[in-house]
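Text of structure-v8.cif, listed as mmCIF, C-alpha atoms and all ligand atoms:
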```cif
data_run
#
loop_
_atom_site.label_atom_id
_atom_site.label_comp_id
_atom_site.auth_asym_id
_atom_site.auth_seq_id
_atom_site.Cartn_x
_atom_site.Cartn_y
_atom_site.Cartn_z
CA MET A 1 78.74 115.31 152.24
CA THR A 2 75.24 116.10 151.08
CA ASP A 3 72.20 114.44 152.53
CA GLU A 4 70.67 112.51 149.61
CA LEU A 5 67.16 113.03 150.93
CA LYS A 6 67.17 116.81 151.02
CA PRO A 7 67.28 118.74 147.73
CA ASN A 8 70.47 120.78 147.48
CA LEU A 9 69.59 124.22 146.10
CA PHE A 10 72.97 124.38 144.32
CA ASN A 11 71.33 121.97 141.84
CA TYR A 12 68.76 124.55 140.70
CA ASP A 13 68.95 127.28 138.10
CA LEU A 14 66.33 130.06 138.04
CA SER A 15 63.57 128.20 136.23
CA SER A 16 63.95 124.98 138.21
CA LEU A 17 64.13 126.92 141.49
CA GLU A 18 60.97 128.80 140.59
CA ALA A 19 59.30 125.45 139.97
CA TYR A 20 60.59 124.23 143.34
CA PHE A 21 59.05 127.17 145.20
CA LYS A 22 55.73 126.60 143.45
CA GLU A 23 55.92 122.96 144.43
CA ILE A 24 56.35 123.80 148.13
CA GLY A 25 53.42 126.23 147.88
CA ASP A 26 55.35 129.50 147.82
CA LYS A 27 55.82 132.32 145.33
CA PRO A 28 58.21 131.76 142.39
CA TYR A 29 59.89 135.15 143.01
CA ARG A 30 61.42 133.64 146.14
CA ALA A 31 63.77 131.85 143.74
CA ARG A 32 65.26 135.21 142.74
CA GLN A 33 65.81 136.21 146.35
CA VAL A 34 67.46 132.93 147.24
CA LEU A 35 69.75 132.88 144.18
CA LYS A 36 70.94 136.38 145.07
CA TRP A 37 71.79 135.29 148.60
CA ILE A 38 73.74 132.30 147.33
CA TYR A 39 75.60 133.78 144.36
CA HIS A 40 75.89 137.48 145.21
CA HIS A 41 76.40 137.23 148.95
CA GLY A 42 77.76 133.70 149.43
CA ILE A 43 75.09 132.90 152.01
CA THR A 44 74.17 129.25 152.49
CA ASP A 45 72.22 129.31 155.76
CA PHE A 46 68.56 130.17 155.46
CA GLU A 47 68.48 132.03 158.79
CA SER A 48 70.64 134.80 157.27
CA MET A 49 68.24 135.35 154.36
CA THR A 50 66.54 138.25 156.04
CA ASN A 51 64.09 139.14 153.27
CA LEU A 52 62.38 135.76 153.62
CA GLY A 53 59.79 135.51 156.41
CA LYS A 54 60.75 133.48 159.47
CA PRO A 55 58.26 130.65 158.77
CA LEU A 56 59.62 130.24 155.22
CA ARG A 57 63.20 130.24 156.51
CA GLN A 58 62.27 127.48 158.91
CA THR A 59 60.46 125.45 156.25
CA LEU A 60 63.42 125.73 153.90
CA ALA A 61 65.88 124.73 156.61
CA GLN A 62 63.81 121.59 157.22
CA GLN A 63 63.14 120.68 153.61
CA CYS A 64 66.30 121.51 151.71
CA GLU A 65 69.92 122.52 152.03
CA ILE A 66 72.55 124.64 150.30
CA THR A 67 75.72 122.57 150.50
CA PRO A 68 78.82 123.17 148.38
CA PRO A 69 81.35 120.38 147.89
CA ARG A 70 84.16 120.42 150.45
CA ILE A 71 87.75 121.57 149.95
CA THR A 72 90.29 119.03 151.13
CA THR A 73 93.47 120.91 150.30
CA GLN A 74 94.48 124.16 148.70
CA GLN A 75 97.82 124.88 147.02
CA LEU A 76 99.30 128.14 145.81
CA SER A 77 101.92 128.25 143.06
CA ALA A 78 104.75 130.76 142.86
CA ASP A 79 103.06 132.15 139.71
CA GLY A 80 99.78 132.76 141.58
CA THR A 81 97.96 129.69 140.22
CA ARG A 82 95.78 128.06 142.88
CA LYS A 83 94.62 124.50 143.00
CA TRP A 84 91.87 123.07 145.17
CA LEU A 85 91.28 119.40 145.80
CA ILE A 86 87.52 119.08 146.22
CA GLN A 87 85.85 116.13 147.91
CA LEU A 88 82.59 115.04 146.27
CA ASP A 89 81.81 111.93 148.27
CA ALA A 90 83.65 109.24 150.19
CA LYS A 91 85.41 107.91 147.09
CA ASN A 92 85.58 110.72 144.58
CA SER A 93 87.42 114.00 144.45
CA ILE A 94 88.29 116.42 141.69
CA GLU A 95 90.58 119.38 141.27
CA THR A 96 89.76 122.91 140.25
CA VAL A 97 92.43 125.39 139.18
CA PHE A 98 92.44 129.19 139.24
CA ILE A 99 94.86 130.82 136.81
CA PRO A 100 95.34 134.57 137.35
CA GLU A 101 96.59 136.69 134.47
CA ASN A 102 97.06 140.44 134.11
CA ASP A 103 93.69 141.13 132.59
CA ARG A 104 91.61 138.17 133.78
CA GLY A 105 91.28 135.19 136.10
CA THR A 106 90.38 131.83 134.59
CA LEU A 107 88.84 128.99 136.51
CA CYS A 108 89.18 125.52 135.03
CA ILE A 109 86.34 123.25 136.16
CA SER A 110 85.45 119.56 135.84
CA SER A 111 82.15 118.11 134.65
CA GLN A 112 82.58 114.36 135.21
CA VAL A 113 84.45 112.04 137.55
CA GLY A 114 86.79 110.46 135.04
CA CYS A 115 85.83 110.43 131.38
CA PRO A 116 84.17 107.83 129.13
CA LEU A 117 86.15 108.93 126.07
CA ASP A 118 89.49 107.31 125.63
CA CYS A 119 91.79 109.97 124.19
CA GLN A 120 95.18 108.32 124.09
CA PHE A 121 97.28 111.23 125.32
CA CYS A 122 94.92 112.27 128.13
CA SER A 123 95.62 111.20 131.66
CA THR A 124 91.96 111.38 132.69
CA ALA A 125 91.26 108.57 130.22
CA GLN A 126 93.47 106.27 132.30
CA GLN A 127 90.99 106.22 135.14
CA GLY A 128 87.87 105.31 133.17
CA PHE A 129 84.53 106.88 133.92
CA ASN A 130 82.67 106.85 137.19
CA ARG A 131 79.81 109.35 137.03
CA ASN A 132 78.56 112.72 135.91
CA LEU A 133 78.92 115.59 138.34
CA SER A 134 75.67 117.11 139.57
CA THR A 135 74.95 120.76 138.84
CA ALA A 136 75.72 121.42 142.53
CA GLU A 137 79.15 119.84 142.13
CA ILE A 138 79.94 121.85 138.99
CA ILE A 139 78.65 125.28 140.05
CA GLY A 140 79.96 124.44 143.54
CA GLN A 141 83.54 124.57 142.17
CA VAL A 142 82.93 128.13 140.99
CA TRP A 143 81.18 129.17 144.22
CA ILE A 144 84.03 127.77 146.34
CA ALA A 145 86.68 129.51 144.20
CA ASN A 146 84.82 132.81 144.53
CA ARG A 147 84.53 132.35 148.29
CA GLU A 148 88.22 131.51 148.67
CA LEU A 149 89.22 134.48 146.50
CA GLY A 150 87.19 136.86 148.66
CA PHE A 151 84.50 137.76 146.12
CA PHE A 152 81.57 137.57 148.54
CA GLN A 153 83.29 139.84 151.08
CA THR A 154 84.83 142.38 148.74
CA GLY A 155 82.63 142.24 145.62
CA LYS A 156 85.90 142.20 143.67
CA ARG A 157 85.52 139.68 140.86
CA ARG A 158 88.69 137.66 140.37
CA VAL A 159 87.11 134.78 138.44
CA SER A 160 86.30 136.46 135.13
CA ASN A 161 86.44 133.43 132.81
CA ILE A 162 85.30 129.85 133.13
CA VAL A 163 86.66 126.97 131.04
CA PHE A 164 85.18 123.45 131.07
CA MET A 165 88.64 121.97 130.57
CA GLY A 166 89.05 119.91 133.72
CA MET A 167 88.05 116.28 134.02
CA GLY A 168 85.38 114.86 131.77
CA GLU A 169 83.52 115.58 128.56
CA PRO A 170 81.04 118.38 129.34
CA LEU A 171 78.75 117.63 126.41
CA LEU A 172 78.15 114.12 127.76
CA ASN A 173 76.75 115.68 130.95
CA TYR A 174 74.60 118.06 128.97
CA GLU A 175 71.66 118.90 131.26
CA ASN A 176 73.83 119.64 134.30
CA VAL A 177 76.31 121.64 132.25
CA ILE A 178 73.50 123.76 130.78
CA LYS A 179 72.05 124.45 134.24
CA THR A 180 75.54 125.44 135.40
CA ILE A 181 75.97 127.77 132.41
CA ASN A 182 72.59 129.33 133.22
CA LEU A 183 73.81 130.05 136.74
CA LEU A 184 77.17 131.34 135.52
CA THR A 185 75.64 133.76 133.04
CA HIS A 186 72.42 134.90 134.75
CA ASP A 187 72.44 138.24 136.55
CA LEU A 188 71.11 136.53 139.67
CA GLY A 189 73.95 134.02 139.45
CA PHE A 190 77.55 135.03 138.66
CA GLY A 191 76.52 137.31 135.79
CA LEU A 192 79.37 136.40 133.43
CA ALA A 193 79.19 137.33 129.75
CA ARG A 194 78.52 134.26 127.59
CA ARG A 195 81.75 134.63 125.67
CA LYS A 196 83.69 134.39 128.94
CA VAL A 197 82.43 130.85 129.46
CA THR A 198 84.11 128.22 127.26
CA VAL A 199 82.91 124.68 126.76
CA SER A 200 85.70 122.42 125.53
CA THR A 201 84.66 119.24 123.74
CA SER A 202 86.19 116.34 121.85
CA GLY A 203 83.39 116.77 119.34
CA ILE A 204 79.97 115.40 120.32
CA ILE A 205 78.25 116.87 117.27
CA PRO A 206 74.54 116.67 118.23
CA GLU A 207 75.27 118.40 121.52
CA ILE A 208 77.40 121.07 119.82
CA ASP A 209 74.28 121.93 117.82
CA ARG A 210 72.11 121.88 120.93
CA LEU A 211 74.59 124.10 122.76
CA LYS A 212 74.32 126.62 119.95
CA THR A 213 70.57 126.85 120.43
CA ASP A 214 70.43 126.60 124.23
CA THR A 215 73.27 129.02 125.05
CA ASN A 216 75.83 130.73 122.94
CA VAL A 217 78.89 130.37 125.06
CA SER A 218 82.36 130.13 123.56
CA LEU A 219 83.32 126.80 122.07
CA ALA A 220 86.69 125.02 122.07
CA ILE A 221 87.28 121.84 120.09
CA SER A 222 89.93 119.30 121.02
CA LEU A 223 90.95 118.57 117.44
CA HIS A 224 94.53 117.29 117.84
CA ALA A 225 94.70 115.78 114.35
CA SER A 226 94.01 116.96 110.82
CA ASN A 227 93.05 113.62 109.26
CA ASN A 228 90.58 110.89 110.22
CA GLU A 229 93.12 108.11 110.35
CA LEU A 230 95.15 109.74 113.12
CA ARG A 231 92.17 111.27 114.89
CA ASN A 232 90.38 107.88 115.00
CA GLN A 233 93.39 106.63 116.86
CA ILE A 234 94.16 109.42 119.34
CA VAL A 235 90.62 110.82 119.83
CA PRO A 236 88.50 107.66 119.33
CA ILE A 237 85.15 109.54 119.46
CA ASN A 238 86.16 110.59 115.93
CA ARG A 239 84.98 107.15 114.73
CA SER A 240 81.44 108.22 115.61
CA TYR A 241 81.78 111.89 114.67
CA PRO A 242 84.34 112.20 111.87
CA LEU A 243 86.46 115.23 111.15
CA ALA A 244 84.55 116.72 108.21
CA ASP A 245 81.23 116.55 110.11
CA LEU A 246 82.86 118.07 113.18
CA LEU A 247 84.32 120.93 111.16
CA ASN A 248 80.89 121.58 109.64
CA ALA A 249 79.41 121.69 113.14
CA CYS A 250 82.08 124.27 114.07
CA LYS A 251 81.07 126.33 111.08
CA ARG A 252 77.39 126.23 112.07
CA TYR A 253 78.35 127.24 115.59
CA THR A 254 80.36 130.26 114.49
CA GLN A 255 77.60 131.30 112.10
CA SER A 256 75.20 131.42 115.03
CA ARG A 257 77.58 133.63 117.00
CA ASP A 258 78.31 136.42 114.54
CA GLU A 259 81.45 134.67 113.33
CA GLU A 260 82.99 134.75 116.83
CA PRO A 261 85.90 132.28 116.39
CA VAL A 262 85.94 128.78 117.75
CA THR A 263 89.12 127.77 119.62
CA ILE A 264 90.92 124.76 118.19
CA GLU A 265 92.98 122.87 120.77
CA TYR A 266 95.90 120.90 119.39
CA VAL A 267 98.19 118.96 121.72
CA MET A 268 101.75 118.74 120.41
CA LEU A 269 102.84 115.10 120.34
CA ALA A 270 106.39 114.48 119.09
CA GLY A 271 106.46 112.51 115.83
CA VAL A 272 102.68 111.92 115.94
CA ASN A 273 100.82 115.04 114.83
CA ASP A 274 103.48 117.75 114.72
CA SER A 275 104.93 117.66 111.18
CA LEU A 276 104.84 120.61 108.81
CA ASP A 277 102.55 118.54 106.62
CA ASP A 278 100.17 118.12 109.59
CA ALA A 279 100.22 121.91 110.00
CA ARG A 280 99.37 122.44 106.32
CA LYS A 281 96.53 119.93 106.54
CA LEU A 282 95.24 121.73 109.61
CA VAL A 283 95.21 124.99 107.66
CA LYS A 284 93.08 123.25 104.99
CA CYS A 285 90.69 121.87 107.62
CA LEU A 286 90.13 125.33 109.09
CA LYS A 287 89.55 127.07 105.78
CA GLY A 288 86.29 129.02 106.00
CA ILE A 289 85.88 128.48 109.76
CA PRO A 290 86.50 131.53 111.96
CA SER A 291 88.98 129.99 114.37
CA LYS A 292 92.03 130.52 116.53
CA VAL A 293 94.40 127.73 117.47
CA ASN A 294 95.83 126.88 120.88
CA LEU A 295 98.87 124.65 120.63
CA ILE A 296 99.16 122.75 123.90
CA PRO A 297 102.58 121.37 124.84
CA PHE A 298 101.92 117.76 125.85
CA ASN A 299 102.29 117.13 129.57
CA GLN A 300 103.64 113.70 130.30
CA PHE A 301 102.12 111.45 132.90
CA PRO A 302 103.17 108.05 134.25
CA GLY A 303 102.60 105.23 131.80
CA THR A 304 102.34 107.31 128.61
CA SER A 305 104.60 106.65 125.68
CA TYR A 306 103.93 110.05 124.08
CA GLN A 307 106.40 112.88 124.29
CA CYS A 308 106.03 116.60 123.84
CA SER A 309 107.28 118.12 120.59
CA ASP A 310 110.37 120.27 121.01
CA ILE A 311 110.04 124.05 120.96
CA THR A 312 111.56 124.42 117.47
CA THR A 313 108.94 122.05 116.04
CA ILE A 314 106.13 123.81 117.91
CA ASN A 315 107.29 127.21 116.60
CA ALA A 316 107.57 125.93 113.02
CA PHE A 317 104.07 124.45 113.26
CA ARG A 318 102.77 127.74 114.64
CA ASP A 319 104.46 129.75 111.87
CA ILE A 320 102.67 127.78 109.16
CA LEU A 321 99.31 128.49 110.77
CA MET A 322 100.16 132.17 111.31
CA GLN A 323 101.34 132.56 107.72
CA ALA A 324 97.96 131.22 106.62
CA GLY A 325 96.32 133.97 108.69
CA ILE A 326 95.20 131.78 111.61
CA PHE A 327 95.76 133.39 114.99
CA THR A 328 97.79 130.84 116.96
CA ILE A 329 99.15 130.79 120.48
CA THR A 330 101.16 128.20 122.34
CA ARG A 331 99.50 127.64 125.70
CA LYS A 332 101.73 128.61 128.60
CA THR A 333 102.38 126.09 131.31
CA ARG A 334 101.11 127.47 134.60
CA GLY A 335 101.32 126.19 138.13
CA ASP A 336 103.66 123.33 137.35
CA ASP A 337 105.32 123.65 140.78
CA ILE A 338 102.01 122.55 142.33
CA ASP A 339 101.18 120.03 139.56
CA ALA A 340 98.39 122.20 138.25
CA ALA A 341 99.45 122.36 134.59
CA CYS A 342 97.58 120.65 131.74
CA GLY A 343 97.50 116.94 132.34
CA GLN A 344 98.92 117.14 135.85
CA LEU A 345 95.81 117.45 137.99
CA VAL A 346 95.21 114.66 140.41
CA GLY A 347 91.83 113.68 141.76
CA LYS A 348 90.57 110.47 143.21
CA VAL A 349 88.09 108.14 141.60
CA SER A 350 86.44 105.10 143.09
CA ALA A 351 88.13 101.87 142.05
CA LYS A 352 85.20 100.64 140.00
CA ALA A 353 85.88 103.26 137.37
CA ALA A 354 89.54 102.58 136.99
CA ARG A 355 89.31 100.44 133.90
CA HIS A 356 92.83 100.77 132.62
CA LYS A 357 95.08 100.74 135.60
CA ALA A 358 93.05 98.94 138.25
CA LYS A 359 94.80 95.65 137.67
CA GLN A 360 98.18 97.21 138.25
CA THR A 361 97.37 99.33 141.28
CA GLY A 362 94.36 97.71 142.96
CA GLY A 363 91.90 99.58 145.16
CA ASP A 364 91.51 103.32 144.90
CA MET A 365 93.92 105.01 142.58
CA GLU A 366 95.32 108.41 141.98
CA VAL A 367 94.29 109.87 138.67
CA SER A 368 95.46 112.72 136.57
CA ASN A 369 93.17 115.30 135.15
CA ALA A 370 94.14 117.28 132.13
CA ILE A 371 93.42 120.91 131.49
N1 LIG A 401 86.81 116.53 127.35
C1 LIG A 401 87.01 117.88 127.00
C2 LIG A 401 87.66 118.78 128.07
C3 LIG A 401 88.80 118.23 128.90
S1 LIG A 401 90.45 118.22 128.39
C4 LIG A 401 87.79 117.97 125.72
O1 LIG A 401 88.22 116.95 125.22
O2 LIG A 401 87.93 119.06 125.18
C5 LIG A 401 91.01 119.86 128.12
C6 LIG A 401 92.13 119.91 127.09
O3 LIG A 401 93.40 119.36 127.56
C7 LIG A 401 91.77 119.11 125.86
O4 LIG A 401 92.07 119.79 124.71
C8 LIG A 401 92.64 117.89 126.03
O5 LIG A 401 92.80 117.23 124.83
C9 LIG A 401 93.92 118.47 126.60
N2 LIG A 401 94.82 117.47 127.22
C10 LIG A 401 94.47 116.25 127.70
N3 LIG A 401 95.56 115.60 128.16
C11 LIG A 401 96.62 116.40 127.97
C12 LIG A 401 98.01 116.29 128.24
N4 LIG A 401 98.50 115.21 128.84
N5 LIG A 401 98.80 117.32 127.92
C13 LIG A 401 98.29 118.43 127.37
N6 LIG A 401 96.98 118.60 127.08
C14 LIG A 401 96.15 117.60 127.37
#
```
Is it possible to give me this structure as structure tokens?
Amino acid sequence: MTDELKPNLFNYDLSSLEAYFKEIGDKPYRARQVLKWIYHHGITDFESMTNLGKPLRQTLAQQCEITPPRITTQQLSADGTRKWLIQLDAKNSIETVFIPENDRGTLCISSQVGCPLDCQFCSTAQQGFNRNLSTAEIIGQVWIANRELGFFQTGKRRVSNIVFMGMGEPLLNYENVIKTINLLTHDLGFGLARRKVTVSTSGIIPEIDRLKTDTNVSLAISLHASNNELRNQIVPINRSYPLADLLNACKRYTQSRDEEPVTIEYVMLAGVNDSLDDARKLVKCLKGIPSKVNLIPFNQFPGTSYQCSDITTINAFRDILMQAGIFTITRKTRGDDIDAACGQLVGKVSAKAARHKAKQTGGDMEVSNAI
């Protein structure tokens, strides 16, 4: 657990760390040296930072710390997917999942404990919202995954892609997410290409526009419906940021990124949003927006009344999109033997956040976290 009184250097990106060194009366370039130790070499004790003078190492050890969140358990699936349960504080934990594929390794990270949005088919919504994760807690998930996968020892990069598709709405924790993206993409941090980092959002339009200016990482939109009436119901943030405005924001985003497509996420809910007419309406919505669609088979969780569409329906839906020239894939379920698939992640959230289920369960509750 981190000591609240000491600044944790995992909370700083390059510019804020430079400011920190100025503040303690040292040279800003120290920030570059320290970031390299942390993110290139995995070093978190100041004594090992041999290019810093001994007095500075001692000052830093007294004044600040470099503390990642703590792993509670680690599970490995038969398909190579790994899941870590990460303890944030006495009451809160989150899960982070590593999904290896032939040509890449994707890490799915969380940005909030719980989520303030209330998407009807999402298990995270059941637990309510507790708090934003700090930058240290977000970048810490990536640092821990790299450490566990041997990156700091071997230099072999297994985490090649990052998706903000764990718990929470990243664009409602904007400042900390931006600092994390800075660390992910800077050469002194993990040095990932911007298009290998994907922010997934339910559609917070002002922050989509800010994201376009502040970074140009890849964008995924949790659309899930092709008309306002249904979207108002299953993704209630749509009442504040309606479909047409959201689609325009997507268009602006792609225009700023040389027409690099936006990913449209669409969860397949039997009898709710999966008709051929829904597919045709979706085609209309996406007209003129460079996009690719990810159809996500719905993962059931206790207490939900939704069911996943059957495979024939999913394929027919996909075919309509493909015939209209929209590149569409059905997301594969990975790691289901360790409950690491979309909608199966389990973290722990303090009871005060558990707005929906607290009455039934009492005290702390298990929560699910959807990716
Ligand atoms: N808040 C962000 C990111 C988190 S969810 C967002 O809304 O985009 C990541 C993806 O998983 C979203 O598209 C979400 O809608 C989807 N998802 C949520 N619950 C699911 C479930 N039970 N089964 C399948 N996908 C789910």
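One distance worth recording is that between atom CA of Val235 of chain A and atom CA of Thr254 of chain A, which is 22.6 Å.
For the pair atom CA of Ile234 of chain A and atom CA of Gly335 of chain A, the interatomic distance is 26.2 Å.
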Exercise. How many Å separate atom CA of Asn92 of chain A from atom CA of Thr67 of chain A?
Worked result: 16.5 Å
Take every atom of segment 70-85 of chain A listed in the file, pad by 4 Å on each side, and give me the axis-aligned box centre and edge lengths in Å, one decimal, as AutoDock Vina command-line options.
```
--center_x 94.5 --center_y 125.9 --center_z 145.4 --size_x 28.6 --size_y 21.7 --size_z 19.4
```
For this session: Name the closest residue to ligand LIG 401 (chain A) among the candidates A:Ile178, A:Met167, A:Ile326, A:Ile208; distances are taken between atoms, counting all atoms listed in the file.
Result: A:Met167
For this session: Would you mind listing what lies within 9 Å of Ile144 of chain A as a ChimeraX atom specification, with all atoms listed in the file counted and same-chain residues fewer than 4 positions away left out?
Result: /A:68-71,139-140,148-149
Counting all atoms listed in the file, what residues are within 7 Å of ligand LIG 401 (chain A), given as a PDB file with C-alpha atoms, keeping the file's coordinate frame?
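Saved the output as result02.pdb:
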```
ATOM      1  CA  PHE A 121      97.280 111.230 125.320  1.00  0.00           C
ATOM      2  CA  CYS A 122      94.920 112.270 128.130  1.00  0.00           C
ATOM      3  CA  SER A 123      95.620 111.200 131.660  1.00  0.00           C
ATOM      4  CA  PHE A 164      85.180 123.450 131.070  1.00  0.00           C
ATOM      5  CA  MET A 165      88.640 121.970 130.570  1.00  0.00           C
ATOM      6  CA  GLY A 166      89.050 119.910 133.720  1.00  0.00           C
ATOM      7  CA  MET A 167      88.050 116.280 134.020  1.00  0.00           C
ATOM      8  CA  GLY A 168      85.380 114.860 131.770  1.00  0.00           C
ATOM      9  CA  GLU A 169      83.520 115.580 128.560  1.00  0.00           C
ATOM     10  CA  PRO A 170      81.040 118.380 129.340  1.00  0.00           C
ATOM     11  CA  SER A 200      85.700 122.420 125.530  1.00  0.00           C
ATOM     12  CA  THR A 201      84.660 119.240 123.740  1.00  0.00           C
ATOM     13  CA  SER A 202      86.190 116.340 121.850  1.00  0.00           C
ATOM     14  CA  ALA A 220      86.690 125.020 122.070  1.00  0.00           C
ATOM     15  CA  ILE A 221      87.280 121.840 120.090  1.00  0.00           C
ATOM     16  CA  SER A 222      89.930 119.300 121.020  1.00  0.00           C
ATOM     17  CA  GLU A 265      92.980 122.870 120.770  1.00  0.00           C
ATOM     18  CA  TYR A 266      95.900 120.900 119.390  1.00  0.00           C
ATOM     19  CA  VAL A 267      98.190 118.960 121.720  1.00  0.00           C
ATOM     20  CA  ILE A 296      99.160 122.750 123.900  1.00  0.00           C
ATOM     21  CA  PRO A 297     102.580 121.370 124.840  1.00  0.00           C
ATOM     22  CA  PHE A 298     101.920 117.760 125.850  1.00  0.00           C
ATOM     23  CA  ASN A 299     102.290 117.130 129.570  1.00  0.00           C
ATOM     24  CA  GLN A 300     103.640 113.700 130.300  1.00  0.00           C
ATOM     25  CA  PHE A 301     102.120 111.450 132.900  1.00  0.00           C
ATOM     26  CA  CYS A 342      97.580 120.650 131.740  1.00  0.00           C
ATOM     27  CA  GLY A 343      97.500 116.940 132.340  1.00  0.00           C
ATOM     28  CA  ALA A 370      94.140 117.280 132.130  1.00  0.00           C
ATOM     29  CA  ILE A 371      93.420 120.910 131.490  1.00  0.00           C
TER      30      ILE A 371
END
```
For this session: Name all residues at most 8 Å from Asn294 of chain A (count all atoms listed in the file; drop same-chain ones fewer than 3 positions away) and give them as number ranges by chain.
Result: A: 263-266, 328-331
Problem set entry | Contacts of Phe21 of chain A within 12 Å, all atoms listed in the file, excl. fewer than 4 positions in-chain, as an MDAnalysis selection string | chainID A and resid 9 12 14:17 25:34 56 59:60 63:64
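Near segment 134-138 of chain A, within 6 Å and counting all atoms listed in the file, sit Phe10, Asn11, Gln141, Asn176 and Thr180 of chain A, not including residues fewer than 3 positions from it in the same chain.
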Create the file for the chosen residues now, containing C-alpha atoms and written as an mmCIF file, in the coordinates of the input.
```cif
data_model
loop_
_atom_site.group_PDB
_atom_site.id
_atom_site.type_symbol
_atom_site.label_atom_id
_atom_site.label_comp_id
_atom_site.auth_asym_id
_atom_site.auth_seq_id
_atom_site.Cartn_x
_atom_site.Cartn_y
_atom_site.Cartn_z
ATOM 1 C CA PHE A 10 72.970 124.380 144.320
ATOM 2 C CA ASN A 11 71.330 121.970 141.840
ATOM 3 C CA GLN A 141 83.540 124.570 142.170
ATOM 4 C CA ASN A 176 73.830 119.640 134.300
ATOM 5 C CA THR A 180 75.540 125.440 135.400
#
```
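If all atoms listed in the file are the atoms counted, then among A:Thr198, A:Ser93, A:Gln62, A:Asn130 the closest residue to Leu184 of chain A is A:Thr198.
Comparing the minimum interatomic distances between Ser111 of chain A and each of A:Asn238, A:Asn132, A:Ser275, A:Gln153, counting all atoms listed in the file, we find that A:Asn132 sits nearest.
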For this session: Could you please give me, as JSON, numbers by chain, the residues of protein, DNA or RNA lying at most 12 Å from (76.5, 136.4, 136.5) in the coordinate frame of the file, considering only C-alpha atoms?
Result: {"A": [13, 35, 36, 38, 39, 40, 139, 142, 143, 157, 159, 160, 161, 162, 180, 181, 182, 183, 184, 185, 186, 187, 188, 189, 190, 191, 192, 193, 194, 196, 197]}
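Of the residues under consideration (A:Asp118, A:Asp45, A:Asp214, A:Glu101), A:Asp45 shows the shortest atom-to-atom contact distance to Ile66 of chain A when counting all atoms listed in the file.
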For this session: Name the residues in contact with segment 288-290 of chain A at a cut-off of 7 Å, using all atoms listed in the file, excluding same-chain residues fewer than 3 positions from it; report them as a ChimeraX atom specification.
Result: /A:251,254,259-262
Exercise. Taking into account only C-alpha atoms, which residue in the set A:Asp310, A:Asp245, A:Glu95, A:Asp89 is nearest to Arg131 of chain A?
Worked result: A:Asp89
Name the residues within 6 Å of (95.7, 119.2, 112.0), counting all atoms listed in the file in the file's coordinates, and put them as a short mmCIF file (atom, residue, chain, number, x, y, z; two decimals) with C-alpha atoms, in the coordinates of the input.
```cif
data_model
loop_
_atom_site.label_atom_id
_atom_site.label_comp_id
_atom_site.auth_asym_id
_atom_site.auth_seq_id
_atom_site.Cartn_x
_atom_site.Cartn_y
_atom_site.Cartn_z
CA ALA A 225 94.70 115.78 114.35
CA SER A 226 94.01 116.96 110.82
CA ASP A 278 100.17 118.12 109.59
CA ALA A 279 100.22 121.91 110.00
CA LYS A 281 96.53 119.93 106.54
CA LEU A 282 95.24 121.73 109.61
#
```
Seminar exercise, completed: Among A:Leu295, A:Leu172, A:Leu247, A:Ile338, Met268 of chain A is approached most closely, using all atoms listed in the file, by A:Leu295
